[in-house]
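One file, entry_13.txt, is given below (compact mmCIF, C-alpha atoms).
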```txt
# COMPACT_ATOMS: atom_id res chain seq x y z
CA MET A 1 13.80 -34.37 -16.54
CA ALA A 2 10.61 -32.76 -15.40
CA THR A 3 9.90 -31.35 -18.81
CA ASP A 4 10.42 -34.80 -20.31
CA MET A 5 7.81 -36.28 -17.99
CA ALA A 6 5.38 -33.53 -18.81
CA HIS A 7 5.93 -34.30 -22.44
CA ASN A 8 5.17 -37.98 -21.88
CA ILE A 9 1.90 -37.30 -20.10
CA GLN A 10 0.88 -34.94 -22.79
CA THR A 11 1.38 -37.53 -25.50
CA GLN A 12 -0.41 -40.26 -23.54
CA ASP A 13 -3.53 -38.25 -22.69
CA GLY A 14 -3.76 -36.61 -26.01
CA GLU A 15 -4.40 -33.26 -24.37
CA LYS A 16 -2.08 -30.89 -22.66
CA PRO A 17 -1.97 -31.27 -18.87
CA VAL A 18 -1.87 -28.07 -16.85
CA PHE A 19 0.31 -28.14 -13.77
CA TYR A 20 0.65 -24.47 -13.21
CA LEU A 21 -1.15 -21.24 -13.92
CA LYS A 22 0.32 -19.38 -16.80
CA GLU A 23 -0.90 -16.07 -15.42
CA ASP A 24 -0.08 -14.54 -12.11
CA HIS A 25 -2.15 -16.10 -9.38
CA HIS A 26 -3.27 -12.68 -8.24
CA PRO A 27 -3.52 -10.51 -11.27
CA GLU A 28 -3.77 -6.80 -10.61
CA GLY A 29 -7.43 -6.81 -11.53
CA SER A 30 -8.49 -9.05 -8.66
CA THR A 31 -6.72 -6.80 -6.14
CA ASN A 32 -8.56 -3.80 -7.51
CA LEU A 33 -11.92 -5.54 -7.32
CA GLY A 34 -11.21 -6.83 -3.82
CA PHE A 35 -10.15 -3.41 -2.64
CA TRP A 36 -13.23 -1.91 -4.23
CA LEU A 37 -15.36 -4.37 -2.23
CA TYR A 38 -13.57 -3.24 0.94
CA LEU A 39 -14.36 0.38 0.05
CA MET A 40 -18.02 -0.52 -0.47
CA SER A 41 -18.16 -2.14 2.98
CA ASP A 42 -16.52 0.98 4.39
CA CYS A 43 -19.21 2.95 2.59
CA LEU A 44 -21.80 1.01 4.60
CA ILE A 45 -20.12 2.06 7.85
CA PHE A 46 -20.42 5.67 6.78
CA ALA A 47 -24.01 5.12 5.61
CA VAL A 48 -24.94 3.96 9.11
CA LEU A 49 -23.21 6.96 10.66
CA PHE A 50 -24.95 9.30 8.20
CA ALA A 51 -28.30 7.70 9.06
CA THR A 52 -27.55 8.14 12.77
CA HIS A 53 -26.74 11.78 12.21
CA GLY A 54 -29.87 12.16 10.09
CA VAL A 55 -31.96 10.87 12.98
CA LEU A 56 -30.17 12.63 15.85
CA GLY A 57 -28.94 15.74 14.05
CA ARG A 58 -31.77 17.94 15.37
CA ASN A 59 -31.70 16.77 18.98
CA TYR A 60 -29.81 19.63 20.60
CA ALA A 61 -30.88 18.95 24.21
CA ALA A 62 -31.34 22.71 24.58
CA GLY A 63 -27.69 23.08 23.60
CA PRO A 64 -26.00 24.81 20.67
CA SER A 65 -27.24 24.17 17.13
CA PRO A 66 -25.11 23.81 13.97
CA ALA A 67 -25.76 27.45 13.06
CA ASP A 68 -24.24 28.49 16.42
CA LEU A 69 -21.21 26.23 16.11
CA PHE A 70 -20.10 25.67 12.54
CA ASP A 71 -17.58 28.00 10.96
CA LEU A 72 -18.37 27.60 7.26
CA PRO A 73 -15.28 29.44 5.90
CA LEU A 74 -13.13 27.00 7.88
CA VAL A 75 -15.10 24.07 6.44
CA ALA A 76 -14.63 25.51 2.94
CA ILE A 77 -10.85 25.70 3.45
CA ASN A 78 -10.90 22.14 4.81
CA THR A 79 -12.82 20.96 1.76
CA ALA A 80 -10.34 22.70 -0.52
CA MET A 81 -7.43 20.94 1.25
CA LEU A 82 -8.97 17.54 0.64
CA LEU A 83 -9.84 18.37 -2.95
CA PHE A 84 -6.27 19.57 -3.63
CA SER A 85 -4.89 16.40 -2.06
CA SER A 86 -7.12 14.39 -4.42
CA ILE A 87 -5.81 16.07 -7.55
CA THR A 88 -2.18 15.89 -6.37
CA TYR A 89 -2.59 12.16 -5.75
CA GLY A 90 -3.86 11.97 -9.32
CA PHE A 91 -0.64 13.69 -10.45
CA ALA A 92 1.37 11.15 -8.45
CA MET A 93 -0.43 8.31 -10.26
CA LEU A 94 0.27 9.93 -13.63
CA GLN A 95 3.98 10.21 -12.74
CA MET A 96 3.92 6.57 -11.62
CA GLU A 97 2.59 5.66 -15.07
CA ARG A 98 5.59 7.46 -16.55
CA ASN A 99 7.94 5.51 -14.25
CA ALA A 100 9.18 8.79 -12.77
CA LYS A 101 10.12 7.84 -9.23
CA ALA A 102 11.25 11.25 -7.95
CA GLU A 103 8.19 13.04 -9.32
CA THR A 104 5.88 10.38 -7.90
CA LEU A 105 7.46 10.82 -4.47
CA PHE A 106 7.17 14.60 -4.77
CA TRP A 107 3.45 14.51 -5.53
CA LEU A 108 2.87 11.92 -2.82
CA ALA A 109 4.57 14.26 -0.35
CA VAL A 110 2.38 17.17 -1.51
CA THR A 111 -0.69 14.96 -1.08
CA GLY A 112 0.45 14.06 2.42
CA LEU A 113 0.91 17.72 3.33
CA PHE A 114 -2.58 18.64 2.13
CA GLY A 115 -3.95 15.66 4.05
CA ALA A 116 -2.09 16.79 7.17
CA ALA A 117 -3.44 20.33 6.72
CA PHE A 118 -6.95 18.90 6.52
CA LEU A 119 -6.42 16.89 9.69
CA GLY A 120 -4.90 19.86 11.49
CA LEU A 121 -7.86 22.09 10.66
CA GLU A 122 -10.28 19.38 11.73
CA LEU A 123 -8.50 18.86 15.04
CA TYR A 124 -8.48 22.64 15.55
CA GLU A 125 -12.23 22.69 14.94
CA PHE A 126 -12.79 19.79 17.36
CA ALA A 127 -10.65 21.41 20.05
CA HIS A 128 -12.50 24.70 19.54
CA LEU A 129 -15.89 22.99 19.90
CA ILE A 130 -14.86 21.09 23.02
CA ASN A 131 -13.45 24.27 24.56
CA GLU A 132 -16.77 25.98 23.94
CA GLY A 133 -18.47 23.22 25.91
CA ALA A 134 -19.87 21.63 22.75
CA GLY A 135 -18.11 18.30 23.15
CA PRO A 136 -19.50 14.94 22.11
CA THR A 137 -21.28 14.53 25.46
CA ARG A 138 -23.28 17.77 25.14
CA SER A 139 -26.17 16.51 23.01
CA ALA A 140 -27.21 13.71 20.68
CA PHE A 141 -26.52 16.01 17.75
CA LEU A 142 -22.93 16.55 18.87
CA SER A 143 -22.43 12.84 19.67
CA SER A 144 -23.41 11.82 16.16
CA PHE A 145 -21.47 14.74 14.65
CA PHE A 146 -18.23 13.80 16.40
CA THR A 147 -18.69 10.12 15.57
CA LEU A 148 -19.29 10.73 11.87
CA VAL A 149 -16.67 13.43 11.27
CA GLY A 150 -14.24 11.74 13.66
CA THR A 151 -14.51 8.43 11.81
CA HIS A 152 -13.74 10.21 8.57
CA GLY A 153 -10.79 11.96 10.19
CA LEU A 154 -9.54 8.63 11.51
CA HIS A 155 -9.66 7.24 7.97
CA VAL A 156 -7.63 10.21 6.72
CA THR A 157 -5.12 9.63 9.55
CA PHE A 158 -4.62 6.03 8.53
CA GLY A 159 -4.46 7.11 4.89
CA ILE A 160 -1.57 9.44 5.75
CA ILE A 161 0.24 6.68 7.67
CA TRP A 162 -0.25 4.41 4.66
CA LEU A 163 0.99 7.18 2.36
CA ILE A 164 4.19 7.68 4.37
CA THR A 165 4.76 3.90 4.44
CA LEU A 166 4.42 3.75 0.66
CA MET A 167 6.78 6.71 0.21
CA VAL A 168 9.42 4.82 2.18
CA GLN A 169 8.71 1.68 0.15
CA VAL A 170 8.95 3.49 -3.18
CA SER A 171 12.12 5.33 -2.24
CA LYS A 172 13.71 2.05 -1.10
CA HIS A 173 12.53 -0.38 -3.78
CA GLY A 174 11.42 1.86 -6.62
CA LEU A 175 8.23 1.59 -8.63
CA ILE A 176 8.13 -2.20 -8.65
CA PRO A 177 4.81 -3.92 -9.54
CA GLU A 178 4.04 -4.50 -5.84
CA ASN A 179 4.41 -0.81 -5.06
CA ARG A 180 2.33 0.15 -8.10
CA ARG A 181 -0.43 -2.11 -6.85
CA ARG A 182 -0.23 -0.56 -3.37
CA LEU A 183 -0.23 2.96 -4.78
CA MET A 184 -3.30 2.09 -6.86
CA CYS A 185 -5.12 0.83 -3.75
CA LEU A 186 -4.21 3.91 -1.74
CA SER A 187 -5.36 6.05 -4.67
CA MET A 188 -8.80 4.42 -4.52
CA PHE A 189 -8.86 4.80 -0.72
CA TRP A 190 -7.88 8.46 -0.89
CA HIS A 191 -10.41 9.41 -3.58
CA PHE A 192 -13.06 7.44 -1.70
CA LEU A 193 -12.41 9.54 1.42
CA ASP A 194 -12.92 12.66 -0.67
CA VAL A 195 -16.25 11.24 -1.89
CA ILE A 196 -17.33 10.66 1.72
CA TRP A 197 -16.28 14.21 2.58
CA ILE A 198 -18.66 15.54 -0.11
CA GLY A 199 -21.46 13.89 1.85
CA VAL A 200 -20.14 15.30 5.12
CA PHE A 201 -19.85 18.94 4.09
CA SER A 202 -23.17 18.85 2.22
CA PHE A 203 -25.28 16.87 4.65
CA VAL A 204 -23.73 17.72 8.01
CA TYR A 205 -22.34 21.24 7.66
CA LEU A 206 -24.34 23.00 4.94
CA MET A 207 -27.69 21.33 5.66
CA GLY A 208 -27.05 21.65 9.39
CA VAL A 209 -26.52 25.40 9.20
CA LEU A 210 -29.44 25.78 6.83
CA VAL A 211 -32.45 24.29 8.53
CA MET B 1 24.84 -4.16 -14.54
CA SER B 2 25.77 -2.99 -11.10
CA SER B 3 26.01 0.60 -12.27
CA HIS B 4 22.30 0.57 -13.16
CA PRO B 5 20.61 -1.53 -10.55
CA GLN B 6 17.26 0.13 -11.18
CA ALA B 7 17.10 -0.41 -14.92
CA PRO B 8 16.02 -4.09 -15.04
CA ALA B 9 13.45 -3.55 -12.33
CA HIS B 10 11.99 -0.67 -14.28
CA GLU B 11 11.85 -2.70 -17.45
CA ASP B 12 10.20 -5.56 -15.62
CA ALA B 13 7.74 -3.20 -14.06
CA ALA B 14 6.85 -1.69 -17.40
CA LYS B 15 6.50 -5.13 -18.95
CA THR B 16 4.33 -6.53 -16.18
CA HIS B 17 2.23 -3.46 -16.28
CA HIS B 18 1.66 -3.82 -19.97
CA ALA B 19 0.87 -7.49 -19.59
CA HIS B 20 -1.85 -6.55 -17.15
CA SER B 21 -3.16 -3.58 -18.97
CA HIS B 22 -5.19 -5.50 -21.50
CA GLY B 23 -8.67 -6.74 -20.83
CA HIS B 24 -9.61 -5.58 -17.38
CA GLU B 25 -8.05 -2.14 -17.54
CA ALA B 26 -9.81 0.16 -15.12
CA GLY B 27 -8.40 3.15 -16.94
CA HIS B 28 -5.72 5.03 -15.09
CA GLY B 29 -6.94 8.36 -16.26
CA SER B 30 -5.08 11.10 -18.01
CA LEU B 31 -3.99 14.58 -17.05
CA LYS B 32 -6.93 15.93 -19.01
CA GLY B 33 -9.36 13.65 -17.16
CA TYR B 34 -7.99 14.67 -13.76
CA MET B 35 -8.11 18.36 -14.65
CA ILE B 36 -11.71 18.12 -15.91
CA GLY B 37 -12.68 16.28 -12.73
CA PHE B 38 -10.89 18.83 -10.57
CA GLY B 39 -12.46 21.80 -12.37
CA LEU B 40 -15.95 20.34 -12.07
CA SER B 41 -15.35 19.52 -8.40
CA VAL B 42 -14.25 23.06 -7.60
CA ILE B 43 -17.36 24.49 -9.26
CA LEU B 44 -19.67 21.91 -7.66
CA THR B 45 -18.12 22.62 -4.24
CA ALA B 46 -18.19 26.38 -4.57
CA ILE B 47 -21.84 26.66 -5.63
CA PRO B 48 -23.40 25.02 -2.52
CA PHE B 49 -21.09 26.96 -0.16
CA ILE B 50 -22.04 30.24 -1.85
CA LEU B 51 -25.73 29.29 -1.83
CA VAL B 52 -25.66 28.70 1.93
CA MET B 53 -23.16 31.33 3.08
CA ALA B 54 -24.62 34.18 1.00
CA GLY B 55 -28.20 33.01 1.48
CA VAL B 56 -28.98 33.36 -2.21
CA PHE B 57 -32.47 31.89 -1.95
CA ASP B 58 -35.05 32.77 0.66
CA SER B 59 -36.46 29.27 0.62
CA ASN B 60 -34.39 26.95 2.81
CA LEU B 61 -36.08 23.97 1.21
CA LEU B 62 -34.93 24.98 -2.26
CA THR B 63 -31.37 25.60 -1.04
CA ALA B 64 -31.29 22.25 0.76
CA PHE B 65 -32.54 20.49 -2.33
CA LEU B 66 -29.89 22.18 -4.50
CA VAL B 67 -27.10 21.38 -2.00
CA MET B 68 -28.00 17.69 -1.98
CA ALA B 69 -28.45 17.55 -5.76
CA LEU B 70 -25.05 19.18 -6.32
CA ALA B 71 -23.49 16.74 -3.83
CA VAL B 72 -24.87 13.81 -5.82
CA VAL B 73 -23.53 15.28 -9.07
CA GLN B 74 -20.10 15.87 -7.47
CA ILE B 75 -19.99 12.31 -6.14
CA ILE B 76 -20.64 11.05 -9.67
CA VAL B 77 -17.91 13.35 -11.03
CA HIS B 78 -15.45 11.95 -8.47
CA MET B 79 -16.45 8.38 -9.27
CA VAL B 80 -15.91 8.89 -12.98
CA TYR B 81 -12.83 11.13 -13.12
CA PHE B 82 -10.92 10.17 -9.96
CA LEU B 83 -11.99 6.59 -9.23
CA HIS B 84 -12.27 5.77 -12.96
CA MET B 85 -15.57 3.99 -12.59
CA SER B 86 -17.11 2.73 -15.78
CA PRO B 87 -19.57 -0.08 -16.55
CA ARG B 88 -16.71 -1.94 -18.22
CA SER B 89 -14.09 -1.90 -15.43
CA GLU B 90 -13.40 -5.36 -13.96
CA GLY B 91 -15.95 -6.83 -16.33
CA GLY B 92 -18.74 -4.85 -14.71
CA TRP B 93 -18.21 -6.27 -11.22
CA THR B 94 -17.22 -3.01 -9.59
CA MET B 95 -20.38 -1.46 -10.97
CA MET B 96 -22.45 -4.37 -9.63
CA ALA B 97 -20.86 -3.97 -6.20
CA LEU B 98 -21.49 -0.23 -6.34
CA ILE B 99 -25.16 -0.64 -7.29
CA PHE B 100 -25.65 -3.24 -4.55
CA THR B 101 -24.03 -0.91 -2.01
CA LEU B 102 -26.16 2.02 -3.15
CA VAL B 103 -29.32 -0.07 -2.69
CA ILE B 104 -28.25 -1.01 0.84
CA VAL B 105 -27.27 2.58 1.61
CA GLY B 106 -30.64 3.79 0.31
CA ILE B 107 -32.52 1.29 2.47
CA THR B 108 -30.39 2.19 5.51
CA LEU B 109 -30.83 5.94 5.14
CA ALA B 110 -34.45 6.08 4.04
CA GLY B 111 -35.49 3.27 6.41
CA SER B 112 -33.79 4.82 9.46
CA LEU B 113 -35.23 8.28 8.83
CA TRP B 114 -38.70 6.87 8.12
CA VAL B 115 -38.85 4.55 11.13
CA MET B 116 -37.41 7.08 13.57
CA HIS B 117 -39.67 9.85 12.29
CA HIS B 118 -42.73 7.67 12.93
CA LEU B 119 -41.46 6.69 16.35
CA ASN B 120 -41.07 10.36 17.17
CA ALA B 121 -44.48 11.22 15.77
CA ASN B 122 -46.16 8.46 17.76
CA MET B 123 -44.51 9.33 21.06
CA MET B 124 -46.87 10.50 23.77
CA PRO B 125 -46.74 14.29 23.82
CA MET B 126 -44.77 15.58 26.78
CA SER B 127 -45.24 18.73 28.72
CA PRO B 128 -42.15 20.63 29.89
CA GLU B 129 -42.92 19.55 33.48
CA MET B 130 -42.93 15.89 32.51
CA MET B 131 -39.65 16.37 30.66
CA LYS B 132 -38.09 17.99 33.70
CA ASN B 133 -39.10 15.05 35.90
CA MET B 134 -37.69 12.49 33.52
CA PRO B 135 -35.13 10.14 35.07
```
If you took the structure in this file and wrote it as structure tokens, what would it be?
Amino acid sequence: MATDMAHNIQTQDGEKPVFYLKEDHHPEGSTNLGFWLYLMSDCLIFAVLFATHGVLGRNYAAGPSPADLFDLPLVAINTAMLLFSSITYGFAMLQMERNAKAETLFWLAVTGLFGAAFLGLELYEFAHLINEGAGPTRSAFLSSFFTLVGTHGLHVTFGIIWLITLMVQVSKHGLIPENRRRLMCLSMFWHFLDVIWIGVFSFVYLMGVLV
Amino acid sequence: MSSHPQAPAHEDAAKTHHAHSHGHEAGHGSLKGYMIGFGLSVILTAIPFILVMAGVFDSNLLTAFLVMALAVVQIIVHMVYFLHMSPRSEGGWTMMALIFTLVIVGITLAGSLWVMHHLNANMMPMSPEMMKNMP
């Protein structure tokens, strides 16, 4: 019946009426663009924290300086963990393209482990600093350091929670379009965090020790 | 049917994916792309760490400049090989958003450092005694 009516209207108006969208209302592309815009706004948060650290990073209040505190080999291992997790997430995406559920889950798990290793090392570093009396309340430099690096660590924490959620989703429902979309978003989020970390190890750690 | 509950879903998924993959394809990358990006990242990470930890150059200014330059290059490598940025993805809108963000980030960073440096420079000089008596 409904199709008949549509037919009638079409013949009366002379042009085809459109009652529904032929394409998906939210094609994958719009999600990607929207998520990219979220990442850019997140980038602004980090820009502000970087600027704060740039301004306060030399105000030691007669306390310890970066050269006294930072353990560069530890930071290098940390950086490697995050870089490995980036490439293993890339492998997971490639397996997703091939529709290989088990392999996707395997690489996601590896990514999660590298992410957890990164977080563990960072928490160890934080605990070590606080034990040495170089906590966030010691000086403006340490306040801005803990805020910037801590915010990044918090992002990684939520990334890992998201990753575990998606692993459960994929193992339960398979690589359905919804899960592919979610995996794509998390992929962008994860690589974005690695990009931010490049700024952190260069600007905060290496430059801090240097000058 | 019931013996292969996954099969139709997989087919659907593949079909939908293909339907979407024309036009606005951001490029999902290939193994080769990821490996090139990873290789470049390892090199671009290792160089600044070696420069600082081994103290290759006497001039701190030169080292600092190189560290920041390498960071910028590595960020671009990540954007291209891991985030699959290209001027064509999403009809150029992601690139527009990125450029806009970079402008804002540049203003934020340069502006903050500039303003705060001048504030510092224009502060009344303080003697250690004055500093000690500060509230």
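In this structure, atom CA of B:Leu61 sits 9.9 Å away from atom CA of A:Met207.
Distance-wise, atom CA of B:Thr63 and atom CA of A:Gly57 end up 18.2 Å apart.
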* To do: Could you list, as an NGL selection string, the residues of chain A having an atom within 6 Å of chain B when counting only C-alpha atoms?
  => :A and (47 or 51 or 55 or 176-177 or 195)
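Nearest residue to A:Leu82, choosing from A:Thr111, A:Asn179, A:Thr157, A:Asn131 and counting only C-alpha atoms: A:Thr111.
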At a cut-off of 12 Å around the point (-14.7, -0.2, 2.1) (file coordinates), what residues fall inside when counting all atoms listed in the file? I'd like the answer as a tab-separated table (two decimals) with C-alpha atoms, in the frame of the given file.
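Now in selection.tsv:
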```tsv
chain	number	residue	atom	x	y	z
A	32	ASN	CA	-8.56	-3.80	-7.51
A	33	LEU	CA	-11.92	-5.54	-7.32
A	34	GLY	CA	-11.21	-6.83	-3.82
A	35	PHE	CA	-10.15	-3.41	-2.64
A	36	TRP	CA	-13.23	-1.91	-4.23
A	37	LEU	CA	-15.36	-4.37	-2.23
A	38	TYR	CA	-13.57	-3.24	0.94
A	39	LEU	CA	-14.36	0.38	0.05
A	40	MET	CA	-18.02	-0.52	-0.47
A	41	SER	CA	-18.16	-2.14	2.98
A	42	ASP	CA	-16.52	0.98	4.39
A	43	CYS	CA	-19.21	2.95	2.59
A	44	LEU	CA	-21.80	1.01	4.60
A	45	ILE	CA	-20.12	2.06	7.85
A	46	PHE	CA	-20.42	5.67	6.78
A	47	ALA	CA	-24.01	5.12	5.61
A	155	HIS	CA	-9.66	7.24	7.97
A	185	CYS	CA	-5.12	0.83	-3.75
A	186	LEU	CA	-4.21	3.91	-1.74
A	188	MET	CA	-8.80	4.42	-4.52
A	189	PHE	CA	-8.86	4.80	-0.72
A	190	TRP	CA	-7.88	8.46	-0.89
A	191	HIS	CA	-10.41	9.41	-3.58
A	192	PHE	CA	-13.06	7.44	-1.70
A	193	LEU	CA	-12.41	9.54	1.42
A	196	ILE	CA	-17.33	10.66	1.72
B	97	ALA	CA	-20.86	-3.97	-6.20
B	98	LEU	CA	-21.49	-0.23	-6.34
B	101	THR	CA	-24.03	-0.91	-2.01
```
* To do: Quote the spacing between atom CA of A:Phe118 and atom CA of A:Met93 in Å to one decimal place.
  => 20.9 Å
Would you mind listing what lies within 9 Å of A:Ala76 as a short mmCIF file (atom, residue, chain, number, x, y, z; two decimals) with C-alpha atoms, keeping the file's coordinate frame, with only C-alpha atoms counted and same-chain residues fewer than 2 positions away left out?
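Once written, result28.cif looks like this:
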```
data_model
loop_
_atom_site.label_atom_id
_atom_site.label_comp_id
_atom_site.auth_asym_id
_atom_site.auth_seq_id
_atom_site.Cartn_x
_atom_site.Cartn_y
_atom_site.Cartn_z
CA ASP A 71 -17.58 28.00 10.96
CA LEU A 72 -18.37 27.60 7.26
CA PRO A 73 -15.28 29.44 5.90
CA LEU A 74 -13.13 27.00 7.88
CA ASN A 78 -10.90 22.14 4.81
CA THR A 79 -12.82 20.96 1.76
CA ALA A 80 -10.34 22.70 -0.52
CA MET A 81 -7.43 20.94 1.25
CA PHE A 201 -19.85 18.94 4.09
CA THR B 45 -18.12 22.62 -4.24
CA ALA B 46 -18.19 26.38 -4.57
CA PHE B 49 -21.09 26.96 -0.16
#
```
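Between A:Leu83 and the candidates A:Met167, A:Trp197, A:Ala62, A:Ala127, the tightest atom-to-atom separation, counting all atoms listed in the file, involves A:Trp197.
Residue nearest A:Glu122, chosen from A:Lys101, A:His152, A:Arg138, A:Arg58 and counting only C-alpha atoms: A:His152.
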Exercise: stretch 163-166 of chain A partners within 9 Å, only C-alpha atoms, chain neighbours under 3 positions left out, as a PDB file with C-alpha atoms, keeping the file's coordinate frame:
```pdb
ATOM      1  CA  LEU A 108       2.870  11.920  -2.820  1.00  0.00           C
ATOM      2  CA  ALA A 109       4.570  14.260  -0.350  1.00  0.00           C
ATOM      3  CA  THR A 111      -0.690  14.960  -1.080  1.00  0.00           C
ATOM      4  CA  GLY A 112       0.450  14.060   2.420  1.00  0.00           C
ATOM      5  CA  PHE A 158      -4.620   6.030   8.530  1.00  0.00           C
ATOM      6  CA  GLY A 159      -4.460   7.110   4.890  1.00  0.00           C
ATOM      7  CA  ILE A 160      -1.570   9.440   5.750  1.00  0.00           C
ATOM      8  CA  GLN A 169       8.710   1.680   0.150  1.00  0.00           C
ATOM      9  CA  VAL A 170       8.950   3.490  -3.180  1.00  0.00           C
ATOM     10  CA  SER A 171      12.120   5.330  -2.240  1.00  0.00           C
ATOM     11  CA  ASN A 179       4.410  -0.810  -5.060  1.00  0.00           C
ATOM     12  CA  ARG A 182      -0.230  -0.560  -3.370  1.00  0.00           C
ATOM     13  CA  LEU A 183      -0.230   2.960  -4.780  1.00  0.00           C
ATOM     14  CA  LEU A 186      -4.210   3.910  -1.740  1.00  0.00           C
TER      15      LEU A 186
END
```
Can you put N, CA and C atoms back into stretch 178-195 of chain A and show it as a PDB file, in the coordinates of the input?
```pdb
ATOM      1  N   GLU A 178       4.706  -4.454  -7.143  1.00  0.00           N
ATOM      2  CA  GLU A 178       4.040  -4.500  -5.840  1.00  0.00           C
ATOM      3  C   GLU A 178       3.698  -3.090  -5.370  1.00  0.00           C
ATOM      4  N   ASN A 179       4.660  -2.181  -5.521  1.00  0.00           N
ATOM      5  CA  ASN A 179       4.410  -0.810  -5.060  1.00  0.00           C
ATOM      6  C   ASN A 179       3.375  -0.112  -5.923  1.00  0.00           C
ATOM      7  N   ARG A 180       3.356  -0.431  -7.222  1.00  0.00           N
ATOM      8  CA  ARG A 180       2.330   0.150  -8.100  1.00  0.00           C
ATOM      9  C   ARG A 180       0.954  -0.296  -7.648  1.00  0.00           C
ATOM     10  N   ARG A 181       0.854  -1.587  -7.308  1.00  0.00           N
ATOM     11  CA  ARG A 181      -0.430  -2.110  -6.850  1.00  0.00           C
ATOM     12  C   ARG A 181      -0.853  -1.381  -5.567  1.00  0.00           C
ATOM     13  N   ARG A 182       0.104  -1.222  -4.641  1.00  0.00           N
ATOM     14  CA  ARG A 182      -0.230  -0.560  -3.370  1.00  0.00           C
ATOM     15  C   ARG A 182      -0.630   0.887  -3.609  1.00  0.00           C
ATOM     16  N   LEU A 183       0.101   1.557  -4.504  1.00  0.00           N
ATOM     17  CA  LEU A 183      -0.230   2.960  -4.780  1.00  0.00           C
ATOM     18  C   LEU A 183      -1.629   3.063  -5.394  1.00  0.00           C
ATOM     19  N   MET A 184      -1.973   2.093  -6.239  1.00  0.00           N
ATOM     20  CA  MET A 184      -3.300   2.090  -6.860  1.00  0.00           C
ATOM     21  C   MET A 184      -4.391   1.946  -5.781  1.00  0.00           C
ATOM     22  N   CYS A 185      -4.134   1.024  -4.820  1.00  0.00           N
ATOM     23  CA  CYS A 185      -5.120   0.830  -3.750  1.00  0.00           C
ATOM     24  C   CYS A 185      -5.267   2.094  -2.910  1.00  0.00           C
ATOM     25  N   LEU A 186      -4.131   2.701  -2.549  1.00  0.00           N
ATOM     26  CA  LEU A 186      -4.210   3.910  -1.740  1.00  0.00           C
ATOM     27  C   LEU A 186      -4.906   5.025  -2.518  1.00  0.00           C
ATOM     28  N   SER A 187      -4.687   5.048  -3.833  1.00  0.00           N
ATOM     29  CA  SER A 187      -5.360   6.050  -4.670  1.00  0.00           C
ATOM     30  C   SER A 187      -6.876   5.902  -4.555  1.00  0.00           C
ATOM     31  N   MET A 188      -7.357   4.651  -4.644  1.00  0.00           N
ATOM     32  CA  MET A 188      -8.800   4.420  -4.520  1.00  0.00           C
ATOM     33  C   MET A 188      -9.281   4.837  -3.136  1.00  0.00           C
ATOM     34  N   PHE A 189      -8.496   4.463  -2.100  1.00  0.00           N
ATOM     35  CA  PHE A 189      -8.860   4.800  -0.720  1.00  0.00           C
ATOM     36  C   PHE A 189      -8.950   6.310  -0.560  1.00  0.00           C
ATOM     37  N   TRP A 190      -7.970   7.018  -1.078  1.00  0.00           N
ATOM     38  CA  TRP A 190      -7.880   8.460  -0.890  1.00  0.00           C
ATOM     39  C   TRP A 190      -9.031   9.169  -1.597  1.00  0.00           C
ATOM     40  N   HIS A 191      -9.303   8.779  -2.850  1.00  0.00           N
ATOM     41  CA  HIS A 191     -10.410   9.410  -3.580  1.00  0.00           C
ATOM     42  C   HIS A 191     -11.749   9.059  -2.929  1.00  0.00           C
ATOM     43  N   PHE A 192     -11.836   7.850  -2.395  1.00  0.00           N
ATOM     44  CA  PHE A 192     -13.060   7.440  -1.700  1.00  0.00           C
ATOM     45  C   PHE A 192     -13.318   8.333  -0.485  1.00  0.00           C
ATOM     46  N   LEU A 193     -12.247   8.658   0.251  1.00  0.00           N
ATOM     47  CA  LEU A 193     -12.410   9.540   1.420  1.00  0.00           C
ATOM     48  C   LEU A 193     -12.911  10.912   0.995  1.00  0.00           C
ATOM     49  N   ASP A 194     -12.453  11.366  -0.176  1.00  0.00           N
ATOM     50  CA  ASP A 194     -12.920  12.660  -0.670  1.00  0.00           C
ATOM     51  C   ASP A 194     -14.412  12.570  -1.010  1.00  0.00           C
ATOM     52  N   VAL A 195     -14.832  11.432  -1.574  1.00  0.00           N
ATOM     53  CA  VAL A 195     -16.250  11.240  -1.890  1.00  0.00           C
ATOM     54  C   VAL A 195     -17.090  11.300  -0.612  1.00  0.00           C
TER      55      VAL A 195
END
```
